[in-house]
Amino acid sequence: MISEKLSQLPGQLPGKKKFIQNKVSSFQINDIFKNGICFIMIILILSVCTGCYSLKGTSIAKDVKTYYVGNFKLTALNAPATITQTFAESLKDKISKESSLKYTDENPHLEFNGTIQGFNVTSVAPQPGERTSFNRLTISLSVEYTNNLDPKDKWTKSFSHFEDFPSETNLLQVQDELIDVIFKQILEDIFNQAFNNW
């Protein structure tokens, strides 16, 4: 009896091997299928992201290649003396990083000039249900945009934004931070007005 059972083992091994091979093949097919689905999902996600970016993309004419940011004038009282230079450099960086335009001061296609007109700190009374008052820094400026390739494409607009800070805080302690936050919003508005037709 034992010899008969032993004699049957070799005959069963090929079947087991075949069963194992089938299982391995099944796992491989499942892996390939899963990888294929993952690959397709990645492509779809990238496509969606690209589409989102294109919706927010700039609308710059193909023949426009260069831009120039002039020295902004300062008429705002109490503003830091270097605020115009800070703003001009920030505008240069914004356009350089978010468009394909190249900066030049020789026959630029686009020009940005203007004046920083307001730098005001006002006290804001507590809102209903609140006890704490705060101060508000408001910066306002005027921007002149000129497209030297298209005389009709030009405008002069005013932009303004504010940030609040605790009334017990000295402005000089938070001034640089506030200016940075305010300029980021104003720069976004200018960029949208110039390149996104907002």
# chains A, B, ... in the order shown; residues from 1 in each chain; ligands from 1
$ residues_around --residues "region 159-174 of chain A" --least-positions-apart "6" --cutoff "10 Å" --atoms "only C-alpha atoms" --output "ChimeraX atom specification"
/A:116-124,132-143,181-187,189-190
$ write_last_selection --atoms "N, CA and C atoms" --output "PDB file, in the first residue's frame"
ATOM      1  N   ILE A 116       3.387 105.093  -6.301  1.00  0.00           N
ATOM      2  CA  ILE A 116       2.834 104.652  -5.021  1.00  0.00           C
ATOM      3  C   ILE A 116       2.269 105.888  -4.333  1.00  0.00           C
ATOM      4  N   GLN A 117       0.952 105.922  -4.204  1.00  0.00           N
ATOM      5  CA  GLN A 117       0.262 107.139  -3.785  1.00  0.00           C
ATOM      6  C   GLN A 117      -0.165 107.144  -2.330  1.00  0.00           C
ATOM      7  N   GLY A 118      -0.353 105.973  -1.765  1.00  0.00           N
ATOM      8  CA  GLY A 118      -0.863 105.940  -0.400  1.00  0.00           C
ATOM      9  C   GLY A 118      -0.173 104.922   0.480  1.00  0.00           C
ATOM     10  N   PHE A 119       0.106 105.319   1.701  1.00  0.00           N
ATOM     11  CA  PHE A 119       0.694 104.444   2.718  1.00  0.00           C
ATOM     12  C   PHE A 119       0.127 104.930   4.042  1.00  0.00           C
ATOM     13  N   ASN A 120      -1.047 104.405   4.381  1.00  0.00           N
ATOM     14  CA  ASN A 120      -1.800 104.969   5.497  1.00  0.00           C
ATOM     15  C   ASN A 120      -2.087 103.936   6.573  1.00  0.00           C
ATOM     16  N   VAL A 121      -1.981 104.362   7.824  1.00  0.00           N
ATOM     17  CA  VAL A 121      -2.335 103.521   8.967  1.00  0.00           C
ATOM     18  C   VAL A 121      -3.553 104.139   9.647  1.00  0.00           C
ATOM     19  N   THR A 122      -4.600 103.352   9.789  1.00  0.00           N
ATOM     20  CA  THR A 122      -5.825 103.819  10.424  1.00  0.00           C
ATOM     21  C   THR A 122      -6.224 102.857  11.546  1.00  0.00           C
ATOM     22  N   SER A 123      -6.967 103.394  12.510  1.00  0.00           N
ATOM     23  CA  SER A 123      -7.462 102.572  13.609  1.00  0.00           C
ATOM     24  C   SER A 123      -8.825 101.997  13.224  1.00  0.00           C
ATOM     25  N   VAL A 124      -9.012 100.719  13.526  1.00  0.00           N
ATOM     26  CA  VAL A 124     -10.270 100.044  13.216  1.00  0.00           C
ATOM     27  C   VAL A 124     -10.933  99.652  14.525  1.00  0.00           C
ATOM     28  N   THR A 132     -11.373  93.615  20.897  1.00  0.00           N
ATOM     29  CA  THR A 132     -10.033  94.071  20.523  1.00  0.00           C
ATOM     30  C   THR A 132     -10.081  94.962  19.292  1.00  0.00           C
ATOM     31  N   SER A 133      -9.470  96.119  19.389  1.00  0.00           N
ATOM     32  CA  SER A 133      -9.318  96.996  18.223  1.00  0.00           C
ATOM     33  C   SER A 133      -7.976  96.697  17.581  1.00  0.00           C
ATOM     34  N   PHE A 134      -7.809  97.130  16.336  1.00  0.00           N
ATOM     35  CA  PHE A 134      -6.548  96.897  15.640  1.00  0.00           C
ATOM     36  C   PHE A 134      -6.276  98.029  14.671  1.00  0.00           C
ATOM     37  N   ASN A 135      -5.073  98.046  14.145  1.00  0.00           N
ATOM     38  CA  ASN A 135      -4.674  99.043  13.166  1.00  0.00           C
ATOM     39  C   ASN A 135      -4.633  98.417  11.780  1.00  0.00           C
ATOM     40  N   ARG A 136      -4.804  99.244  10.784  1.00  0.00           N
ATOM     41  CA  ARG A 136      -4.841  98.764   9.400  1.00  0.00           C
ATOM     42  C   ARG A 136      -3.876  99.581   8.539  1.00  0.00           C
ATOM     43  N   LEU A 137      -2.971  98.866   7.868  1.00  0.00           N
ATOM     44  CA  LEU A 137      -2.063  99.509   6.912  1.00  0.00           C
ATOM     45  C   LEU A 137      -2.624  99.305   5.508  1.00  0.00           C
ATOM     46  N   THR A 138      -2.834 100.409   4.813  1.00  0.00           N
ATOM     47  CA  THR A 138      -3.356 100.366   3.446  1.00  0.00           C
ATOM     48  C   THR A 138      -2.339 100.990   2.496  1.00  0.00           C
ATOM     49  N   ILE A 139      -2.009 100.267   1.451  1.00  0.00           N
ATOM     50  CA  ILE A 139      -1.101 100.780   0.413  1.00  0.00           C
ATOM     51  C   ILE A 139      -1.874 100.864  -0.889  1.00  0.00           C
ATOM     52  N   SER A 140      -1.785 102.011  -1.533  1.00  0.00           N
ATOM     53  CA  SER A 140      -2.469 102.205  -2.818  1.00  0.00           C
ATOM     54  C   SER A 140      -1.482 102.759  -3.832  1.00  0.00           C
ATOM     55  N   LEU A 141      -1.665 102.354  -5.075  1.00  0.00           N
ATOM     56  CA  LEU A 141      -0.770 102.818  -6.137  1.00  0.00           C
ATOM     57  C   LEU A 141      -1.488 102.842  -7.476  1.00  0.00           C
ATOM     58  N   SER A 142      -0.901 103.546  -8.404  1.00  0.00           N
ATOM     59  CA  SER A 142      -1.423 103.663  -9.760  1.00  0.00           C
ATOM     60  C   SER A 142      -0.403 103.056 -10.718  1.00  0.00           C
ATOM     61  N   VAL A 143      -0.893 102.255 -11.661  1.00  0.00           N
ATOM     62  CA  VAL A 143      -0.011 101.578 -12.620  1.00  0.00           C
ATOM     63  C   VAL A 143      -0.389 101.970 -14.043  1.00  0.00           C
ATOM     64  N   VAL A 181       3.092  91.154   2.344  1.00  0.00           N
ATOM     65  CA  VAL A 181       1.772  90.540   2.162  1.00  0.00           C
ATOM     66  C   VAL A 181       0.893  91.397   1.253  1.00  0.00           C
ATOM     67  N   ILE A 182       0.904  92.692   1.478  1.00  0.00           N
ATOM     68  CA  ILE A 182       0.078  93.606   0.674  1.00  0.00           C
ATOM     69  C   ILE A 182       0.539  93.618  -0.783  1.00  0.00           C
ATOM     70  N   PHE A 183       1.845  93.671  -0.990  1.00  0.00           N
ATOM     71  CA  PHE A 183       2.372  93.695  -2.359  1.00  0.00           C
ATOM     72  C   PHE A 183       2.034  92.423  -3.121  1.00  0.00           C
ATOM     73  N   LYS A 184       2.040  91.282  -2.446  1.00  0.00           N
ATOM     74  CA  LYS A 184       1.715  90.025  -3.127  1.00  0.00           C
ATOM     75  C   LYS A 184       0.311  90.070  -3.715  1.00  0.00           C
ATOM     76  N   GLN A 185      -0.636  90.629  -2.977  1.00  0.00           N
ATOM     77  CA  GLN A 185      -2.005  90.722  -3.472  1.00  0.00           C
ATOM     78  C   GLN A 185      -2.110  91.734  -4.600  1.00  0.00           C
ATOM     79  N   ILE A 186      -1.455  92.880  -4.443  1.00  0.00           N
ATOM     80  CA  ILE A 186      -1.497  93.905  -5.490  1.00  0.00           C
ATOM     81  C   ILE A 186      -0.830  93.398  -6.766  1.00  0.00           C
ATOM     82  N   LEU A 187       0.286  92.708  -6.620  1.00  0.00           N
ATOM     83  CA  LEU A 187       0.986  92.157  -7.786  1.00  0.00           C
ATOM     84  C   LEU A 187       0.120  91.139  -8.515  1.00  0.00           C
ATOM     85  N   ASP A 189      -3.130  91.158  -8.626  1.00  0.00           N
ATOM     86  CA  ASP A 189      -4.171  91.926  -9.320  1.00  0.00           C
ATOM     87  C   ASP A 189      -3.624  92.565 -10.593  1.00  0.00           C
ATOM     88  N   ILE A 190      -2.419  93.109 -10.514  1.00  0.00           N
ATOM     89  CA  ILE A 190      -1.805  93.737 -11.690  1.00  0.00           C
ATOM     90  C   ILE A 190      -1.523  92.700 -12.767  1.00  0.00           C
TER      91      ILE A 190
END
$ residues_around --residues "Pro80 (chain A)" --least-positions-apart "6" --cutoff "10 Å" --atoms "only C-alpha atoms" --output "PyMOL selection string"
chain A and resi 74+86+119+175-176
$ atom_distance --atom1 "CA of Gly70 (chain A)" --atom2 "CA of Ser158 (chain A)"
16.6 Å
$ atom_distance --atom1 "CA of Ile60 (chain A)" --atom2 "CA of Asp105 (chain A)"
19.2 Å
$ select_by_dssp --residues "region 56-162 of chain A" --states "alpha helix (DSSP H)" --output "list in words"
Ile83, Thr84, Gln85, Thr86, Phe87, Ala88, Glu89, Ser90, Leu91, Lys92, Asp93, Lys94, Ile95, Ser96, Lys97 and Glu98 of chain A
$ atom_distance --atom1 "CA of Thr84 (chain A)" --atom2 "CA of Glu188 (chain A)"
16.9 Å
$ closest_residue --among "A:Thr66, A:Ser59, A:Asn78, A:Asn196" --to "Lys102 (chain A)" --atoms "only C-alpha atoms"
A:Thr66
$ select_by_dssp --residues "region 52-193 of chain A" --states "strand (DSSP E)" --output "compact mmCIF listing (two decimals) with C-alpha atoms, in the first residue's frame"
# COMPACT_ATOMS: atom_id res chain seq x y z
CA THR A 66 9.92 91.42 -23.65
CA TYR A 67 8.86 93.73 -20.83
CA TYR A 68 10.22 96.59 -18.75
CA VAL A 69 9.39 97.87 -15.26
CA LYS A 73 7.38 107.37 -8.21
CA LEU A 74 6.61 107.93 -4.53
CA LYS A 102 12.28 88.51 -20.94
CA TYR A 103 13.22 91.68 -19.10
CA LEU A 110 5.47 95.95 -22.66
CA GLU A 111 6.09 98.68 -20.10
CA PHE A 112 4.94 99.09 -16.50
CA ASN A 113 5.26 102.46 -14.76
CA GLY A 114 3.40 104.12 -11.96
CA THR A 115 3.23 105.83 -8.60
CA ILE A 116 2.83 104.65 -5.02
CA GLN A 117 0.26 107.14 -3.79
CA GLY A 118 -0.86 105.94 -0.40
CA PHE A 119 0.69 104.44 2.72
CA ASN A 120 -1.80 104.97 5.50
CA VAL A 121 -2.33 103.52 8.97
CA THR A 122 -5.83 103.82 10.42
CA SER A 123 -7.46 102.57 13.61
CA VAL A 124 -10.27 100.04 13.22
CA PHE A 134 -6.55 96.90 15.64
CA ASN A 135 -4.67 99.04 13.17
CA ARG A 136 -4.84 98.76 9.40
CA LEU A 137 -2.06 99.51 6.91
CA THR A 138 -3.36 100.37 3.45
CA ILE A 139 -1.10 100.78 0.41
CA SER A 140 -2.47 102.20 -2.82
CA LEU A 141 -0.77 102.82 -6.14
CA SER A 142 -1.42 103.66 -9.76
CA VAL A 143 -0.01 101.58 -12.62
CA GLU A 144 0.45 102.59 -16.25
CA TYR A 145 0.56 99.66 -18.66
CA THR A 146 1.64 100.14 -22.27
CA ASN A 147 1.91 97.66 -25.11
CA LYS A 154 -2.84 100.35 -22.70
CA TRP A 155 -4.43 101.33 -19.40
CA THR A 156 -3.93 103.22 -16.17
CA LYS A 157 -5.52 101.71 -13.09
CA SER A 158 -5.42 102.09 -9.33
CA PHE A 159 -4.73 99.15 -7.04
CA SER A 160 -5.04 98.96 -3.27
CA HIS A 161 -4.86 96.42 -0.49
CA PHE A 162 -4.62 96.40 3.30
CA GLU A 163 -3.49 94.25 6.19
CA ASP A 164 -4.39 94.51 9.88
CA PHE A 165 -2.09 94.28 12.87
CA PRO A 166 -2.60 94.53 16.65
